[in-house]
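Chemist: File name protein.txt; file contents compact mmCIF, C-alpha atoms; full text below.
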# COMPACT_ATOMS: atom_id res chain seq x y z
CA MET T 315 -2.97 56.72 -71.39
CA ALA T 316 -6.36 55.31 -70.52
CA TYR T 317 -5.11 51.87 -71.61
CA ARG T 318 -2.15 52.11 -69.26
CA SER T 319 -4.43 53.16 -66.44
CA SER T 320 -6.74 50.20 -67.12
CA THR T 321 -3.83 47.83 -67.31
CA SER T 322 -2.38 49.25 -64.15
CA SER T 323 -5.73 48.89 -62.38
CA LEU T 324 -6.14 45.34 -63.63
CA LEU T 325 -2.66 44.42 -62.43
CA SER T 326 -3.39 46.00 -59.07
CA LEU T 327 -6.68 44.06 -58.87
CA LEU T 328 -4.93 40.81 -59.77
CA GLY T 329 -2.27 41.52 -57.17
CA LEU T 330 -4.93 42.18 -54.53
CA LEU T 331 -6.81 39.01 -55.53
CA SER T 332 -3.56 37.04 -55.26
CA ILE T 333 -3.03 38.36 -51.74
CA ILE T 334 -6.60 37.50 -50.76
CA LEU T 335 -6.32 33.99 -52.20
CA THR T 336 -2.96 33.45 -50.50
CA SER T 337 -4.39 34.65 -47.19
CA ALA T 338 -7.49 32.49 -47.61
CA THR T 339 -5.30 29.48 -48.35
CA ALA T 340 -3.22 30.22 -45.29
CA ILE T 341 -6.37 30.53 -43.20
CA ARG T 342 -7.72 27.26 -44.59
CA LEU T 343 -4.43 25.53 -43.89
CA GLN T 344 -4.38 26.90 -40.39
CA ILE T 345 -7.89 25.65 -39.71
CA THR T 346 -7.15 22.23 -41.20
CA GLN T 347 -3.99 21.76 -39.23
CA ARG T 348 -5.28 22.97 -35.88
CA PRO T 349 -5.52 19.95 -33.56
CA THR T 350 -8.98 19.12 -32.34
CA SER T 351 -9.94 17.55 -29.02
CA VAL T 352 -10.23 13.78 -29.22
CA ALA T 353 -12.50 13.47 -26.22
CA PRO T 354 -16.14 14.64 -26.23
CA SER T 355 -17.66 16.79 -23.49
CA PHE T 356 -20.16 15.66 -20.86
CA ARG T 357 -22.63 17.16 -18.44
CA GLU T 358 -21.75 16.99 -14.76
CA ALA T 359 -23.40 14.01 -13.05
CA PRO T 360 -25.31 14.41 -9.78
CA ALA T 361 -23.45 13.67 -6.54
CA PHE T 362 -24.38 10.26 -5.10
CA ARG T 363 -23.97 9.78 -1.34
CA ASN T 364 -23.99 6.78 0.98
CA GLY T 365 -27.05 5.98 3.07
CA ALA T 366 -26.93 5.91 6.87
CA LYS T 367 -26.38 2.13 6.96
CA CYS T 368 -23.30 2.15 4.69
CA SER T 369 -19.93 1.33 6.21
CA SER T 370 -16.88 3.45 5.44
CA HIS T 371 -14.42 0.64 6.23
CA ALA T 372 -11.79 -0.05 3.55
CA ASN T 373 -12.80 -3.73 3.45
CA ASP T 374 -16.23 -2.70 2.20
CA THR T 375 -14.82 -1.06 -0.93
CA ILE T 376 -16.11 -2.49 -4.21
CA HIS T 377 -13.36 -2.37 -6.84
CA ILE T 378 -14.53 -2.04 -10.44
CA VAL T 379 -12.12 -2.24 -13.39
CA MET T 380 -13.10 -0.80 -16.77
CA PRO T 381 -11.20 -0.08 -20.00
CA LEU T 382 -11.25 3.54 -21.09
CA ASP T 383 -10.54 5.09 -24.48
CA THR T 384 -11.92 7.90 -26.62
CA ASN T 385 -13.99 5.58 -28.85
CA TYR T 386 -15.89 4.08 -25.93
CA ILE T 387 -15.70 6.84 -23.32
CA ARG T 388 -19.33 7.80 -23.89
CA GLY T 389 -20.31 4.25 -22.97
CA THR T 390 -18.01 4.27 -19.94
CA MET T 391 -19.54 7.49 -18.60
CA ALA T 392 -23.05 6.06 -18.95
CA ALA T 393 -21.97 2.82 -17.27
CA VAL T 394 -20.43 4.66 -14.31
CA LEU T 395 -23.57 6.77 -13.87
CA SER T 396 -25.77 3.65 -13.89
CA ILE T 397 -23.60 1.93 -11.27
CA LEU T 398 -23.68 4.93 -8.93
CA GLN T 399 -27.38 5.58 -9.45
CA HIS T 400 -28.43 2.05 -8.50
CA SER T 401 -25.96 1.54 -5.66
CA MET T 402 -27.08 1.68 -2.04
CA CYS T 403 -23.54 2.76 -1.04
CA PRO T 404 -22.14 4.61 -4.09
CA GLU T 405 -19.24 6.13 -2.14
CA ASN T 406 -17.97 2.60 -1.45
CA VAL T 407 -17.42 1.98 -5.16
CA SER T 408 -13.88 2.58 -6.40
CA PHE T 409 -13.17 2.61 -10.13
CA HIS T 410 -9.93 1.52 -11.77
CA PHE T 411 -9.70 2.68 -15.39
CA LEU T 412 -7.28 1.02 -17.79
CA SER T 413 -6.23 3.38 -20.57
CA VAL T 414 -3.47 3.68 -23.14
CA TYR T 415 -0.67 5.89 -21.81
CA HIS T 416 -0.94 8.91 -24.10
CA LEU T 417 -4.61 9.55 -23.23
CA ASP T 418 -4.18 9.86 -19.45
CA SER T 419 -3.66 13.62 -19.38
CA GLU T 420 -6.75 14.28 -21.49
CA ILE T 421 -9.19 11.79 -19.99
CA PHE T 422 -8.39 12.30 -16.30
CA PRO T 423 -9.77 15.89 -16.13
CA LEU T 424 -12.76 14.83 -18.22
CA ILE T 425 -13.77 12.18 -15.67
CA LYS T 426 -13.07 14.58 -12.80
CA SER T 427 -15.30 17.29 -14.25
CA THR T 428 -18.12 14.84 -15.05
CA PHE T 429 -17.96 13.00 -11.71
CA PRO T 430 -16.37 15.44 -9.20
CA PHE T 431 -16.93 13.07 -6.24
CA LEU T 432 -15.94 9.81 -7.94
CA ARG T 433 -13.36 7.53 -6.36
CA PHE T 434 -11.12 6.48 -9.22
CA LYS T 435 -7.59 5.83 -10.42
CA MET T 436 -6.21 5.57 -13.91
CA TYR T 437 -3.58 3.08 -15.04
CA GLY T 438 -1.66 3.30 -18.28
CA PHE T 439 -1.71 0.11 -20.30
CA ASN T 440 1.42 -0.33 -22.37
CA SER T 441 0.32 -1.67 -25.75
CA ASN T 442 3.82 -3.08 -26.25
CA ARG T 443 2.80 -5.88 -23.88
CA VAL T 444 0.65 -7.37 -26.62
CA ARG T 445 2.69 -6.28 -29.62
CA GLY T 446 3.18 -9.29 -31.86
CA LYS T 447 0.72 -11.36 -29.79
CA ILE T 448 -2.58 -10.18 -31.28
CA SER T 449 -4.02 -12.09 -34.22
CA LYS T 450 -6.42 -10.52 -36.68
CA SER T 451 -10.04 -11.32 -35.78
CA ILE T 452 -13.38 -10.96 -37.55
CA ARG T 453 -13.88 -7.37 -36.29
CA GLN T 454 -11.23 -4.65 -36.07
CA ALA T 455 -12.43 -3.36 -32.68
CA LEU T 456 -11.56 -6.75 -31.17
CA ASP T 457 -7.94 -6.34 -32.28
CA GLN T 458 -7.26 -3.17 -30.28
CA PRO T 459 -4.57 -3.62 -27.58
CA LEU T 460 -6.88 -2.23 -24.87
CA ASN T 461 -9.26 -5.11 -25.54
CA TYR T 462 -6.54 -7.36 -24.09
CA ALA T 463 -5.89 -5.23 -20.99
CA ARG T 464 -8.20 -7.42 -18.88
CA ILE T 465 -5.65 -10.22 -19.23
CA TYR T 466 -2.99 -8.02 -17.61
CA MET T 467 -5.02 -6.25 -14.90
CA ALA T 468 -3.59 -8.46 -12.13
CA ASP T 469 -0.13 -7.12 -13.05
CA ILE T 470 -1.32 -3.51 -13.42
CA LEU T 471 -3.42 -3.07 -10.27
CA PRO T 472 -1.76 -2.41 -6.89
CA ALA T 473 -1.10 -5.42 -4.64
CA ASP T 474 -3.74 -4.36 -2.09
CA VAL T 475 -6.50 -4.81 -4.70
CA LYS T 476 -7.31 -8.48 -4.26
CA ARG T 477 -10.73 -8.80 -5.89
CA VAL T 478 -12.43 -6.85 -8.68
CA ILE T 479 -15.48 -6.73 -10.89
CA TYR T 480 -14.36 -6.32 -14.50
CA LEU T 481 -16.90 -4.56 -16.75
CA ASP T 482 -16.81 -3.62 -20.41
CA SER T 483 -17.69 -0.06 -21.41
CA ASP T 484 -20.89 -0.95 -23.30
CA ILE T 485 -22.95 -1.95 -20.25
CA ILE T 486 -25.65 -0.44 -18.05
CA VAL T 487 -26.15 -1.71 -14.49
CA MET T 488 -29.82 -1.78 -13.41
CA ASP T 489 -29.27 -3.18 -9.91
CA ASP T 490 -27.06 -2.68 -6.87
CA VAL T 491 -23.58 -3.81 -7.98
CA ALA T 492 -22.89 -4.92 -4.39
CA LYS T 493 -25.02 -7.99 -5.10
CA LEU T 494 -22.61 -9.05 -7.84
CA TRP T 495 -19.64 -8.21 -5.63
CA MET T 496 -20.89 -10.59 -2.92
CA VAL T 497 -20.77 -13.65 -5.20
CA VAL T 498 -18.93 -16.46 -3.39
CA LEU T 499 -16.15 -17.75 -5.63
CA LYS T 500 -15.63 -21.03 -3.72
CA GLY T 501 -11.94 -21.20 -4.57
CA ARG T 502 -12.38 -20.30 -8.25
CA VAL T 503 -10.40 -17.54 -9.93
CA LEU T 504 -13.38 -15.94 -11.56
CA ALA T 505 -17.17 -15.89 -11.67
CA ALA T 506 -19.43 -15.01 -14.59
CA PRO T 507 -22.79 -16.02 -16.07
CA GLU T 508 -22.33 -19.26 -18.03
CA TYR T 509 -24.28 -20.16 -21.17
CA CYS T 510 -24.06 -23.92 -21.51
CA HIS T 511 -26.78 -24.03 -24.19
CA ALA T 512 -24.51 -22.07 -26.59
CA ASN T 513 -22.57 -24.00 -29.22
CA PHE T 514 -19.18 -23.95 -27.52
CA THR T 515 -17.40 -25.64 -30.43
CA SER T 516 -18.14 -22.63 -32.66
CA TYR T 517 -15.71 -20.45 -30.69
CA PHE T 518 -12.77 -22.44 -32.08
CA THR T 519 -11.74 -23.42 -35.58
CA GLU T 520 -11.62 -26.83 -37.20
CA ALA T 521 -7.82 -26.66 -36.88
CA PHE T 522 -8.28 -26.67 -33.10
CA TRP T 523 -10.81 -29.49 -32.80
CA SER T 524 -9.01 -31.71 -35.32
CA ASP T 525 -5.80 -31.51 -33.29
CA GLY T 526 -6.16 -34.12 -30.55
CA GLU T 527 -3.50 -32.56 -28.36
CA LEU T 528 -5.10 -29.11 -28.47
CA ALA T 529 -8.67 -30.35 -28.01
CA ALA T 530 -7.55 -32.41 -25.01
CA THR T 531 -7.20 -29.19 -23.02
CA PHE T 532 -10.89 -29.48 -22.15
CA GLU T 533 -10.66 -33.07 -20.89
CA GLY T 534 -12.08 -33.40 -17.39
CA ARG T 535 -13.98 -30.13 -17.80
CA ARG T 536 -17.50 -29.33 -18.93
CA PRO T 537 -16.70 -26.12 -20.80
CA CYS T 538 -19.43 -23.54 -21.29
CA TYR T 539 -19.31 -20.18 -23.02
CA PHE T 540 -19.11 -17.13 -20.78
CA ASN T 541 -18.78 -13.49 -21.78
CA THR T 542 -15.58 -11.83 -20.52
CA GLY T 543 -17.20 -8.38 -20.40
CA VAL T 544 -18.68 -9.09 -16.95
CA MET T 545 -16.49 -11.01 -14.50
CA VAL T 546 -15.81 -11.14 -10.78
CA VAL T 547 -12.09 -11.90 -10.46
CA ASP T 548 -9.96 -13.03 -7.54
CA VAL T 549 -6.95 -10.96 -8.60
CA GLU T 550 -4.72 -12.40 -5.87
CA ARG T 551 -5.42 -15.98 -6.95
CA TRP T 552 -4.91 -14.94 -10.61
CA ARG T 553 -1.45 -13.61 -9.71
CA ARG T 554 -0.47 -16.68 -7.72
CA GLY T 555 -1.59 -19.03 -10.49
CA GLY T 556 0.26 -17.16 -13.24
CA TYR T 557 -2.89 -16.97 -15.35
CA THR T 558 -1.66 -14.09 -17.49
CA ARG T 559 1.15 -16.32 -18.75
CA ARG T 560 -1.29 -19.20 -19.36
CA VAL T 561 -3.53 -17.00 -21.53
CA GLU T 562 -0.50 -15.68 -23.41
CA GLU T 563 0.58 -19.23 -24.20
CA TRP T 564 -2.68 -19.80 -26.05
CA MET T 565 -2.24 -16.49 -27.87
CA ALA T 566 1.13 -17.81 -29.08
CA VAL T 567 -0.52 -21.02 -30.35
CA GLN T 568 -3.08 -18.89 -32.18
CA LYS T 569 -0.33 -17.05 -34.04
CA GLN T 570 0.94 -20.39 -35.37
CA LYS T 571 -2.22 -22.40 -36.01
CA ARG T 572 -5.21 -20.01 -36.19
CA ILE T 573 -7.37 -21.83 -33.64
CA TYR T 574 -10.02 -19.10 -33.08
CA GLN T 575 -11.52 -15.95 -34.64
CA LEU T 576 -12.64 -13.69 -31.77
CA GLY T 577 -9.99 -11.48 -30.17
CA SER T 578 -9.28 -11.84 -26.44
CA LEU T 579 -12.28 -14.05 -25.56
CA PRO T 580 -11.14 -17.52 -26.81
CA PRO T 581 -7.75 -17.67 -25.03
CA ILE T 582 -9.53 -16.86 -21.76
CA LEU T 583 -12.10 -19.58 -22.49
CA LEU T 584 -9.28 -22.03 -23.15
CA VAL T 585 -7.86 -21.40 -19.68
CA PHE T 586 -11.05 -21.04 -17.63
CA ALA T 587 -14.11 -22.54 -19.37
CA GLY T 588 -15.61 -25.29 -17.23
CA ASN T 589 -13.75 -24.07 -14.17
CA ILE T 590 -15.51 -20.88 -13.10
CA LYS T 591 -18.22 -20.02 -10.58
CA GLY T 592 -21.50 -19.52 -12.40
CA VAL T 593 -23.50 -16.34 -11.80
CA ASP T 594 -27.19 -15.69 -12.41
CA HIS T 595 -27.84 -14.76 -16.05
CA ARG T 596 -29.54 -11.55 -14.94
CA TRP T 597 -26.01 -10.11 -14.53
CA ASN T 598 -25.20 -10.18 -18.22
CA GLN T 599 -28.06 -9.62 -20.64
CA HIS T 600 -25.51 -9.66 -23.46
CA GLY T 601 -25.66 -9.55 -27.25
CA LEU T 602 -27.70 -6.32 -27.42
CA GLY T 603 -25.22 -4.97 -29.97
CA GLY T 604 -26.12 -7.78 -32.38
CA ASP T 605 -23.56 -10.02 -34.03
CA ASN T 606 -19.94 -9.11 -34.73
CA LEU T 607 -20.46 -8.53 -38.45
CA GLU T 608 -23.69 -6.58 -38.97
CA GLY T 609 -24.83 -5.55 -35.49
CA ARG T 610 -28.52 -6.12 -36.20
CA CYS T 611 -31.12 -5.30 -33.56
CA ARG T 612 -31.88 -7.89 -30.91
CA GLY T 613 -34.54 -8.04 -28.24
CA LEU T 614 -34.18 -8.81 -24.55
CA HIS T 615 -34.00 -12.36 -23.31
CA PRO T 616 -36.83 -13.37 -20.96
CA GLY T 617 -36.21 -13.15 -17.23
CA PRO T 618 -35.07 -10.58 -14.66
CA ILE T 619 -32.36 -8.09 -15.62
CA SER T 620 -29.59 -6.60 -13.48
CA LEU T 621 -27.14 -5.66 -16.26
CA LEU T 622 -27.60 -4.81 -19.94
CA HIS T 623 -24.67 -5.45 -22.26
CA TRP T 624 -24.36 -4.17 -25.84
CA SER T 625 -21.75 -6.74 -26.84
CA GLY T 626 -21.50 -7.15 -30.59
CA LYS T 627 -20.91 -4.60 -33.34
CA GLY T 628 -23.78 -2.19 -32.64
CA LYS T 629 -23.28 0.40 -29.89
CA PRO T 630 -26.27 2.35 -28.56
CA TRP T 631 -24.67 5.82 -28.72
CA LEU T 632 -23.74 5.33 -32.39
CA ARG T 633 -27.17 4.01 -33.37
CA LEU T 634 -28.94 6.81 -31.48
CA ASP T 635 -26.76 9.46 -33.14
CA SER T 636 -27.43 7.99 -36.57
CA ARG T 637 -31.20 8.17 -35.89
CA ARG T 638 -31.43 4.41 -36.46
CA PRO T 639 -31.67 3.08 -32.91
CA CYS T 640 -32.85 -0.34 -31.86
CA THR T 641 -35.62 -0.49 -29.25
CA VAL T 642 -33.18 -1.64 -26.54
CA ASP T 643 -31.01 1.45 -27.12
CA TYR T 644 -33.67 3.59 -25.45
CA LEU T 645 -32.85 1.75 -22.22
CA TRP T 646 -29.30 3.09 -22.49
CA ALA T 647 -30.23 6.67 -23.45
CA PRO T 648 -31.28 7.97 -19.96
CA TYR T 649 -27.73 7.38 -18.69
CA ASP T 650 -26.03 9.23 -21.53
CA LEU T 651 -24.22 12.32 -20.20
CA HIS T 652 -22.93 13.47 -23.57
CA HIS T 653 -23.73 17.16 -24.19
CA SER T 654 -25.54 16.50 -27.48
CA SER T 655 -27.70 13.64 -26.23
CA ARG T 656 -30.40 15.70 -24.52
CA VAL T 657 -31.06 17.64 -27.72
CA ALA T 658 -31.10 14.44 -29.79
CA LEU T 659 -33.60 12.77 -27.48
CA GLU T 660 -35.88 15.81 -27.42
CA GLU T 661 -35.91 15.92 -31.21
Let me see the file written as structure tokens.

Modeler:
Amino acid sequence: MAYRSSTSSLLSLLGLLSIILTSATAIRLQITQRPTSVAPSFREAPAFRNGAKCSSHANDTIHIVMPLDTNYIRGTMAAVLSILQHSMCPENVSFHFLSVYHLDSEIFPLIKSTFPFLRFKMYGFNSNRVRGKISKSIRQALDQPLNYARIYMADILPADVKRVIYLDSDIIVMDDVAKLWMVVLKGRVLAAPEYCHANFTSYFTEAFWSDGELAATFEGRRPCYFNTGVMVVDVERWRRGGYTRRVEEWMAVQKQKRIYQLGSLPPILLVFAGNIKGVDHRWNQHGLGGDNLEGRCRGLHPGPISLLHWSGKGKPWLRLDSRRPCTVDYLWAPYDLHHSSRVALEE
């Protein structure tokens, strides 16, 4: 009798344990499967207002185009804050964010809550536009469709936007962006800091330079490297000249002959290098993210600085979070609006 009671109790206990384990498994499955938010959260930025001398005329609007995705949104938020903070007329700055379609509904309220007074519009970039046109480069981040959106911005932006400043997400502006906006293009399609001391030949492969027909594209030009993360662009002239198609033609050559290694930069160089308006180097202190393979720390170049650019593999928010920052990353940190950043800096 006692044996039966024990057995019965044991069976009851096993049954109860089975229920508990089943429930726990169900709970674990539910937690695992629950979708999490892709976008981080940010503190609300201060409101920035125009000074008494600022004009409210539409012609005085400064149009800034930036790419926007969840991997780089922390950089974008810091960049926007830096632009507003150093602008004499921050309410005259209008932002145009290029994003992949499916993120619009999530990112729009995030920007609105972080910058309640910001003038901005979002435009969905259809990644099908570059499907089959992107060639594998030396770094995966350079192969993302949004990295090519700058080539298509003249088609995406409304017709009344005739001139823009294009900025990457990994920048901090330390000066009034109106100074860059006022660059005189002198009939050129775009303006950017040029680096004629850089080894221009290294941006293209031996297959390119050994092909006389391809290499002849630079005849009559003195091509210099320029970084496409900071550009003043005459969008109207870009449209009229069909420059999107011209860049795409080089992307098609790349698919056949492998003439370069670096994402969206080389085809733009092939079309424009040696035919742009040069801008003071202070407007793109680039390379702060190190090289494209290891992202090692780099120092600042000598001279005045109006814009810091973490081009390269290393991004300041990632290095700060990993507790392995480079010295230059501390110049980025004060503009970081991410909720966790204040705690990290205080530690």

Chemist: Compute the distance from (-14.2, -17.4, -6.6) to each atom, counting all atoms listed in the file, keep the residues with any atom at most 9 Å away, and return them as number ranges by chain; use the coordinates of the file.

Modeler: T: 497-505, 546-548, 551, 590-591

Chemist: So that I have them on file, write out the residues from the current selection with C-alpha atoms, as a PDB file, in the frame of the given file.

Modeler:
ATOM      1  CA  VAL T 497     -20.770 -13.650  -5.200  1.00  0.00           C
ATOM      2  CA  VAL T 498     -18.930 -16.460  -3.390  1.00  0.00           C
ATOM      3  CA  LEU T 499     -16.150 -17.750  -5.630  1.00  0.00           C
ATOM      4  CA  LYS T 500     -15.630 -21.030  -3.720  1.00  0.00           C
ATOM      5  CA  GLY T 501     -11.940 -21.200  -4.570  1.00  0.00           C
ATOM      6  CA  ARG T 502     -12.380 -20.300  -8.250  1.00  0.00           C
ATOM      7  CA  VAL T 503     -10.400 -17.540  -9.930  1.00  0.00           C
ATOM      8  CA  LEU T 504     -13.380 -15.940 -11.560  1.00  0.00           C
ATOM      9  CA  ALA T 505     -17.170 -15.890 -11.670  1.00  0.00           C
ATOM     10  CA  VAL T 546     -15.810 -11.140 -10.780  1.00  0.00           C
ATOM     11  CA  VAL T 547     -12.090 -11.900 -10.460  1.00  0.00           C
ATOM     12  CA  ASP T 548      -9.960 -13.030  -7.540  1.00  0.00           C
ATOM     13  CA  ARG T 551      -5.420 -15.980  -6.950  1.00  0.00           C
ATOM     14  CA  ILE T 590     -15.510 -20.880 -13.100  1.00  0.00           C
ATOM     15  CA  LYS T 591     -18.220 -20.020 -10.580  1.00  0.00           C
TER      16      LYS T 591
END

Chemist: Of the candidates T:Pro381, T:Pro630, T:Gly588, T:Pro616, which one gets nearest to Gly534 (chain T) if we count only C-alpha atoms?

Modeler: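 Selected residue with least distance to Gly534 (chain T): T:Gly588.
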
Chemist: Which residue, T:Thr428, T:Gln399, T:Asn598, T:Asn461, has the smallest gap to His652 (chain T) when you use all atoms listed in the file?

Modeler: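 Comparing T:Thr428, T:Gln399, T:Asn598, T:Asn461 against His652 (chain T), the winner is T:Thr428.
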
Chemist: Which is closer to Lys629 (chain T) than all the others in T:Leu579, T:Ile465, T:Ile485, T:Ala366, using all atoms listed in the file?

Modeler: T:Ile485

Chemist: With a distance cut-off of 9 Å and all atoms listed in the file, select the neighbouring residues of Asn406 (chain T), excluding the residue or stretch itself and same-chain residues fewer than 3 positions from it, and output the selection as an MDAnalysis selection string.

Modeler: chainID T and resid 364 368:372 374:377 403 433

Chemist: State, in Å with one decimal place, the distance from CA of Leu622 (chain T) to CA of Ile425 (chain T).

Modeler: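 That distance, rounded to one decimal, is 22.3 Å.
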
Chemist: Within 9 Å of Met545 (chain T), counting only C-alpha atoms, which residues qualify if same-chain residues fewer than 5 places away don't, as a ChimeraX atom specification?

Modeler: /T:478-481,504-507

Chemist: If I take CA of Ile378 (chain T) and CA of Gln575 (chain T), how far is one from the other in Å, to one decimal?

Modeler: 28.1 Å

Chemist: For Ser516 (chain T), work out the shell of residues within 12 Å, counting all atoms listed in the file and skipping chain neighbours fewer than 3 positions away, then give it as a list in words.

Modeler: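 Skipping anything fewer than 3 positions along the chain leaves Ala512, Asn513, Thr519, Glu520, Ala521, Phe522, Trp523, Cys538, Tyr539, Ile573, Tyr574, Gln575, Leu576 and Pro580 of chain T.
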
Chemist: Name all residues at most 8 Å from region 435-447 of chain T (count only C-alpha atoms; drop same-chain ones fewer than 6 positions away) and give them as a short mmCIF file (atom, residue, chain, number, x, y, z; two decimals) with C-alpha atoms, in the coordinates of the input.

Modeler:
data_model
loop_
_atom_site.label_atom_id
_atom_site.label_comp_id
_atom_site.auth_asym_id
_atom_site.auth_seq_id
_atom_site.Cartn_x
_atom_site.Cartn_y
_atom_site.Cartn_z
CA PHE T 409 -13.17 2.61 -10.13
CA HIS T 410 -9.93 1.52 -11.77
CA PHE T 411 -9.70 2.68 -15.39
CA LEU T 412 -7.28 1.02 -17.79
CA SER T 413 -6.23 3.38 -20.57
CA VAL T 414 -3.47 3.68 -23.14
CA TYR T 415 -0.67 5.89 -21.81
CA ASP T 418 -4.18 9.86 -19.45
CA PHE T 422 -8.39 12.30 -16.30
CA PRO T 459 -4.57 -3.62 -27.58
CA LEU T 460 -6.88 -2.23 -24.87
CA TYR T 462 -6.54 -7.36 -24.09
CA ALA T 463 -5.89 -5.23 -20.99
CA ILE T 470 -1.32 -3.51 -13.42
CA LEU T 471 -3.42 -3.07 -10.27
CA GLU T 562 -0.50 -15.68 -23.41
CA MET T 565 -2.24 -16.49 -27.87
CA ALA T 566 1.13 -17.81 -29.08
CA LYS T 569 -0.33 -17.05 -34.04
#

Chemist: Within 10 Å of Trp631 (chain T), counting only C-alpha atoms, which residues show up once you throw out same-chain ones fewer than 2 positions away? Write them as a PDB file with C-alpha atoms, keeping the file's coordinate frame, please.

Modeler:
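Wrote it out as out_18.pdb, contents follow:
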ATOM      1  CA  TYR T 386     -15.890   4.080 -25.930  1.00  0.00           C
ATOM      2  CA  ARG T 388     -19.330   7.800 -23.890  1.00  0.00           C
ATOM      3  CA  GLY T 389     -20.310   4.250 -22.970  1.00  0.00           C
ATOM      4  CA  ALA T 392     -23.050   6.060 -18.950  1.00  0.00           C
ATOM      5  CA  ASP T 484     -20.890  -0.950 -23.300  1.00  0.00           C
ATOM      6  CA  GLY T 628     -23.780  -2.190 -32.640  1.00  0.00           C
ATOM      7  CA  LYS T 629     -23.280   0.400 -29.890  1.00  0.00           C
ATOM      8  CA  ARG T 633     -27.170   4.010 -33.370  1.00  0.00           C
ATOM      9  CA  LEU T 634     -28.940   6.810 -31.480  1.00  0.00           C
ATOM     10  CA  ASP T 635     -26.760   9.460 -33.140  1.00  0.00           C
ATOM     11  CA  SER T 636     -27.430   7.990 -36.570  1.00  0.00           C
ATOM     12  CA  ARG T 637     -31.200   8.170 -35.890  1.00  0.00           C
ATOM     13  CA  PRO T 639     -31.670   3.080 -32.910  1.00  0.00           C
ATOM     14  CA  ASP T 643     -31.010   1.450 -27.120  1.00  0.00           C
ATOM     15  CA  TYR T 644     -33.670   3.590 -25.450  1.00  0.00           C
ATOM     16  CA  TRP T 646     -29.300   3.090 -22.490  1.00  0.00           C
ATOM     17  CA  ALA T 647     -30.230   6.670 -23.450  1.00  0.00           C
ATOM     18  CA  ASP T 650     -26.030   9.230 -21.530  1.00  0.00           C
ATOM     19  CA  HIS T 652     -22.930  13.470 -23.570  1.00  0.00           C
ATOM     20  CA  SER T 655     -27.700  13.640 -26.230  1.00  0.00           C
TER      21      SER T 655
END

Chemist: With all atoms listed in the file as the basis for distance, which of T:Thr515, T:Gln568, T:Ser483, T:Ser396 is at the shortest distance from His623 (chain T)?

Modeler: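 For His623 (chain T), the nearest of the given residues is T:Ser483.
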
Chemist: Which value, in Å to one decimal, gives the distance between CA of Asn385 (chain T) and CA of Tyr509 (chain T)?

Modeler: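 Computed distance, CA of Asn385 (chain T) to CA of Tyr509 (chain T), equals 28.8 Å.
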
Chemist: Please determine an axis-aligned box that encloses all atoms of region 436-449 of chain T listed in the file, with 8 Å added on each side, and express its centre and edge lengths in Å to one decimal as lines of an AutoDock Vina configuration file.

Modeler:
center_x = -1.2
center_y = -3.3
center_z = -24.1
size_x = 26.0
size_y = 33.7
size_z = 36.3

Chemist: What are the closest atom pairs, with distances in Å to one decimal, for each residue of region 553-609 of chain T lying within 12 Å of region 525-532 of chain T, using all atoms listed in the file, rows by chain and rising residue number, as a tab-separated table?

Modeler:
residue	atom	partner	partner_atom	distance
T:Trp564	CA	T:Leu528	CA	9.9
T:Val567	CA	T:Leu528	CA	9.5
T:Gln568	CA	T:Leu528	CA	11.1
T:Lys571	CA	T:Asp525	CA	10.2
T:Arg572	CA	T:Asp525	CA	11.9
T:Ile573	CA	T:Leu528	CA	9.2
T:Pro581	CA	T:Thr531	CA	11.7
T:Leu583	CA	T:Phe532	CA	10.0
T:Leu584	CA	T:Thr531	CA	7.5
T:Val585	CA	T:Thr531	CA	8.5
T:Phe586	CA	T:Phe532	CA	9.6
T:Ala587	CA	T:Phe532	CA	8.1
T:Gly588	CA	T:Phe532	CA	8.0
T:Asn589	CA	T:Phe532	CA	10.1

Chemist: Convert the current residue selection to file output with C-alpha atoms, as a PDB file, in the coordinates of the input.

Modeler:
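Final file, part21.pdb:
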ATOM      1  CA  TRP T 564      -2.680 -19.800 -26.050  1.00  0.00           C
ATOM      2  CA  VAL T 567      -0.520 -21.020 -30.350  1.00  0.00           C
ATOM      3  CA  GLN T 568      -3.080 -18.890 -32.180  1.00  0.00           C
ATOM      4  CA  LYS T 571      -2.220 -22.400 -36.010  1.00  0.00           C
ATOM      5  CA  ARG T 572      -5.210 -20.010 -36.190  1.00  0.00           C
ATOM      6  CA  ILE T 573      -7.370 -21.830 -33.640  1.00  0.00           C
ATOM      7  CA  PRO T 581      -7.750 -17.670 -25.030  1.00  0.00           C
ATOM      8  CA  LEU T 583     -12.100 -19.580 -22.490  1.00  0.00           C
ATOM      9  CA  LEU T 584      -9.280 -22.030 -23.150  1.00  0.00           C
ATOM     10  CA  VAL T 585      -7.860 -21.400 -19.680  1.00  0.00           C
ATOM     11  CA  PHE T 586     -11.050 -21.040 -17.630  1.00  0.00           C
ATOM     12  CA  ALA T 587     -14.110 -22.540 -19.370  1.00  0.00           C
ATOM     13  CA  GLY T 588     -15.610 -25.290 -17.230  1.00  0.00           C
ATOM     14  CA  ASN T 589     -13.750 -24.070 -14.170  1.00  0.00           C
TER      15      ASN T 589
END

Chemist: With distances taken over only C-alpha atoms, which of T:His595, T:Arg464, T:Arg477, T:Lys627 is nearest to Cys510 (chain T)?

Modeler: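 Comparing T:His595, T:Arg464, T:Arg477, T:Lys627 against Cys510 (chain T), the winner is T:His595.
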
Chemist: Smallest atom-to-atom distance to Arg610 (chain T): which of T:Leu432, T:Val642, T:Ala468, T:Met402, using all atoms listed in the file?

Modeler: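 Of T:Leu432, T:Val642, T:Ala468, T:Met402, the one nearest Arg610 (chain T) is T:Val642, counting all atoms listed in the file.
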